[in-house]
Amino acid sequence: MYVGLTNNTERRIAEHNNKKEKTTRSYAPFRIILIENYDTRNEARIREKYLKSGIGREYLKSL
């Protein structure tokens, strides 16, 4: 499972699935299970940190 922050979802998922990212290369292919939009980068970062926590990962697994 990968949780990330971007301003261009289509480009970012393509980068991961085309194995351009060294750290996620061995986990491809990826599929999107959730996209959330926020007004500020700070709000998005707070949510990203939550989703990377134990309880946040459990939430994502339940989707």
# chains A, B, ... in the order shown; residues from 1 in each chain; ligands from 1
call {"tool": "residues_around", "arguments": {"residues": "Arg12 in chain A", "least_positions_apart": "4", "cutoff": "12 Å", "atoms": "only C-alpha atoms", "output": "JSON, numbers by chain"}}
result
{"A": [2, 3, 4, 5, 6, 7, 8, 16, 17, 18, 19, 20, 21, 24, 30, 31, 32]}
call {"tool": "write_last_selection", "arguments": {"atoms": "N, CA and C atoms", "output": "mmCIF file, in the first residue's frame"}}
result
data_model
loop_
_atom_site.group_PDB
_atom_site.id
_atom_site.type_symbol
_atom_site.label_atom_id
_atom_site.label_comp_id
_atom_site.auth_asym_id
_atom_site.auth_seq_id
_atom_site.Cartn_x
_atom_site.Cartn_y
_atom_site.Cartn_z
ATOM 1 N N TYR A 2 0.548 2.179 -0.825
ATOM 2 C CA TYR A 2 1.310 3.414 -0.927
ATOM 3 C C TYR A 2 0.382 4.583 -0.644
ATOM 4 N N VAL A 3 0.809 5.477 0.209
ATOM 5 C CA VAL A 3 0.068 6.703 0.508
ATOM 6 C C VAL A 3 0.978 7.853 0.115
ATOM 7 N N GLY A 4 0.463 8.768 -0.686
ATOM 8 C CA GLY A 4 1.296 9.871 -1.130
ATOM 9 C C GLY A 4 0.512 11.138 -1.343
ATOM 10 N N LEU A 5 1.233 12.169 -1.665
ATOM 11 C CA LEU A 5 0.692 13.507 -1.830
ATOM 12 C C LEU A 5 1.168 14.036 -3.173
ATOM 13 N N THR A 6 0.242 14.506 -4.009
ATOM 14 C CA THR A 6 0.609 15.026 -5.319
ATOM 15 C C THR A 6 -0.426 16.030 -5.801
ATOM 16 N N ASN A 7 -0.050 16.821 -6.772
ATOM 17 C CA ASN A 7 -1.010 17.734 -7.396
ATOM 18 C C ASN A 7 -1.446 17.213 -8.765
ATOM 19 N N ASN A 8 -0.967 16.006 -9.138
ATOM 20 C CA ASN A 8 -1.332 15.412 -10.421
ATOM 21 C C ASN A 8 -1.390 13.887 -10.255
ATOM 22 N N HIS A 16 4.697 5.575 -10.881
ATOM 23 C CA HIS A 16 4.857 4.370 -10.061
ATOM 24 C C HIS A 16 4.683 3.108 -10.905
ATOM 25 N N ASN A 17 3.661 3.066 -11.718
ATOM 26 C CA ASN A 17 3.391 1.869 -12.509
ATOM 27 C C ASN A 17 4.395 1.663 -13.641
ATOM 28 N N ASN A 18 5.049 2.727 -14.098
ATOM 29 C CA ASN A 18 6.102 2.608 -15.109
ATOM 30 C C ASN A 18 7.468 2.381 -14.475
ATOM 31 N N LYS A 19 7.448 2.167 -13.153
ATOM 32 C CA LYS A 19 8.646 1.837 -12.364
ATOM 33 C C LYS A 19 9.733 2.903 -12.443
ATOM 34 N N LYS A 20 9.310 4.161 -12.459
ATOM 35 C CA LYS A 20 10.263 5.271 -12.475
ATOM 36 C C LYS A 20 10.719 5.653 -11.068
ATOM 37 N N GLU A 21 10.000 5.166 -10.078
ATOM 38 C CA GLU A 21 10.352 5.458 -8.692
ATOM 39 C C GLU A 21 11.086 4.260 -8.093
ATOM 40 N N THR A 24 9.469 2.372 -4.976
ATOM 41 C CA THR A 24 8.219 1.619 -5.137
ATOM 42 C C THR A 24 8.249 0.673 -6.328
ATOM 43 N N PHE A 30 0.287 -0.507 -9.253
ATOM 44 C CA PHE A 30 -0.554 0.106 -8.230
ATOM 45 C C PHE A 30 -1.935 0.359 -8.800
ATOM 46 N N ARG A 31 -2.919 0.362 -7.932
ATOM 47 C CA ARG A 31 -4.263 0.769 -8.323
ATOM 48 C C ARG A 31 -4.761 1.747 -7.278
ATOM 49 N N ILE A 32 -5.544 2.696 -7.713
ATOM 50 C CA ILE A 32 -6.043 3.740 -6.812
ATOM 51 C C ILE A 32 -7.258 3.209 -6.064
#
call {"tool": "closest_residue", "arguments": {"among": "A:Glu10, A:Glu15, A:Met1, A:Tyr38", "to": "Gly56 in chain A", "atoms": "only C-alpha atoms"}}
result
A:Met1
call {"tool": "atom_distance", "arguments": {"atom1": "CA of Ile46 in chain A", "atom2": "CA of Ile33 in chain A"}}
result
18.9 Å
call {"tool": "select_by_dssp", "arguments": {"residues": "range 6-58 of chain A", "states": "alpha helix (DSSP H)", "output": "list in words"}}
result
Thr9, Glu10, Arg11, Arg12, Ile13, Ala14, Glu15, His16, Asn17, Arg41, Asn42, Glu43, Ala44, Arg45, Ile46, Arg47, Glu48, Lys49, Tyr50, Leu51, Gly54, Ile55, Gly56, Arg57 and Glu58 of chain A
call {"tool": "write_last_selection", "arguments": {"atoms": "C-alpha atoms", "output": "PDB file, in the first residue's frame"}}
result
ATOM      1  CA  THR A   9      -2.722  11.972  -9.590  1.00  0.00           C
ATOM      2  CA  GLU A  10      -2.638  10.552 -13.114  1.00  0.00           C
ATOM      3  CA  ARG A  11       1.017  11.482 -13.618  1.00  0.00           C
ATOM      4  CA  ARG A  12       2.031  10.148 -10.205  1.00  0.00           C
ATOM      5  CA  ILE A  13       0.341   6.754 -10.571  1.00  0.00           C
ATOM      6  CA  ALA A  14       1.870   6.426 -14.055  1.00  0.00           C
ATOM      7  CA  GLU A  15       5.332   7.124 -12.612  1.00  0.00           C
ATOM      8  CA  HIS A  16       4.857   4.370 -10.061  1.00  0.00           C
ATOM      9  CA  ASN A  17       3.391   1.869 -12.509  1.00  0.00           C
ATOM     10  CA  ARG A  41      -0.981  21.401   1.009  1.00  0.00           C
ATOM     11  CA  ASN A  42      -0.818  21.560   4.817  1.00  0.00           C
ATOM     12  CA  GLU A  43      -4.281  19.987   5.151  1.00  0.00           C
ATOM     13  CA  ALA A  44      -3.276  17.280   2.687  1.00  0.00           C
ATOM     14  CA  ARG A  45      -0.052  16.593   4.602  1.00  0.00           C
ATOM     15  CA  ILE A  46      -1.945  16.196   7.885  1.00  0.00           C
ATOM     16  CA  ARG A  47      -4.293  13.674   6.250  1.00  0.00           C
ATOM     17  CA  GLU A  48      -1.353  11.856   4.629  1.00  0.00           C
ATOM     18  CA  LYS A  49       0.329  11.464   8.020  1.00  0.00           C
ATOM     19  CA  TYR A  50      -2.912  10.040   9.456  1.00  0.00           C
ATOM     20  CA  LEU A  51      -3.300   7.545   6.601  1.00  0.00           C
ATOM     21  CA  GLY A  54      -1.627   2.336  12.114  1.00  0.00           C
ATOM     22  CA  ILE A  55      -5.270   3.342  12.395  1.00  0.00           C
ATOM     23  CA  GLY A  56      -5.125   5.107   9.026  1.00  0.00           C
ATOM     24  CA  ARG A  57      -3.782   1.976   7.325  1.00  0.00           C
ATOM     25  CA  GLU A  58      -6.546  -0.090   8.921  1.00  0.00           C
TER      26      GLU A  58
END
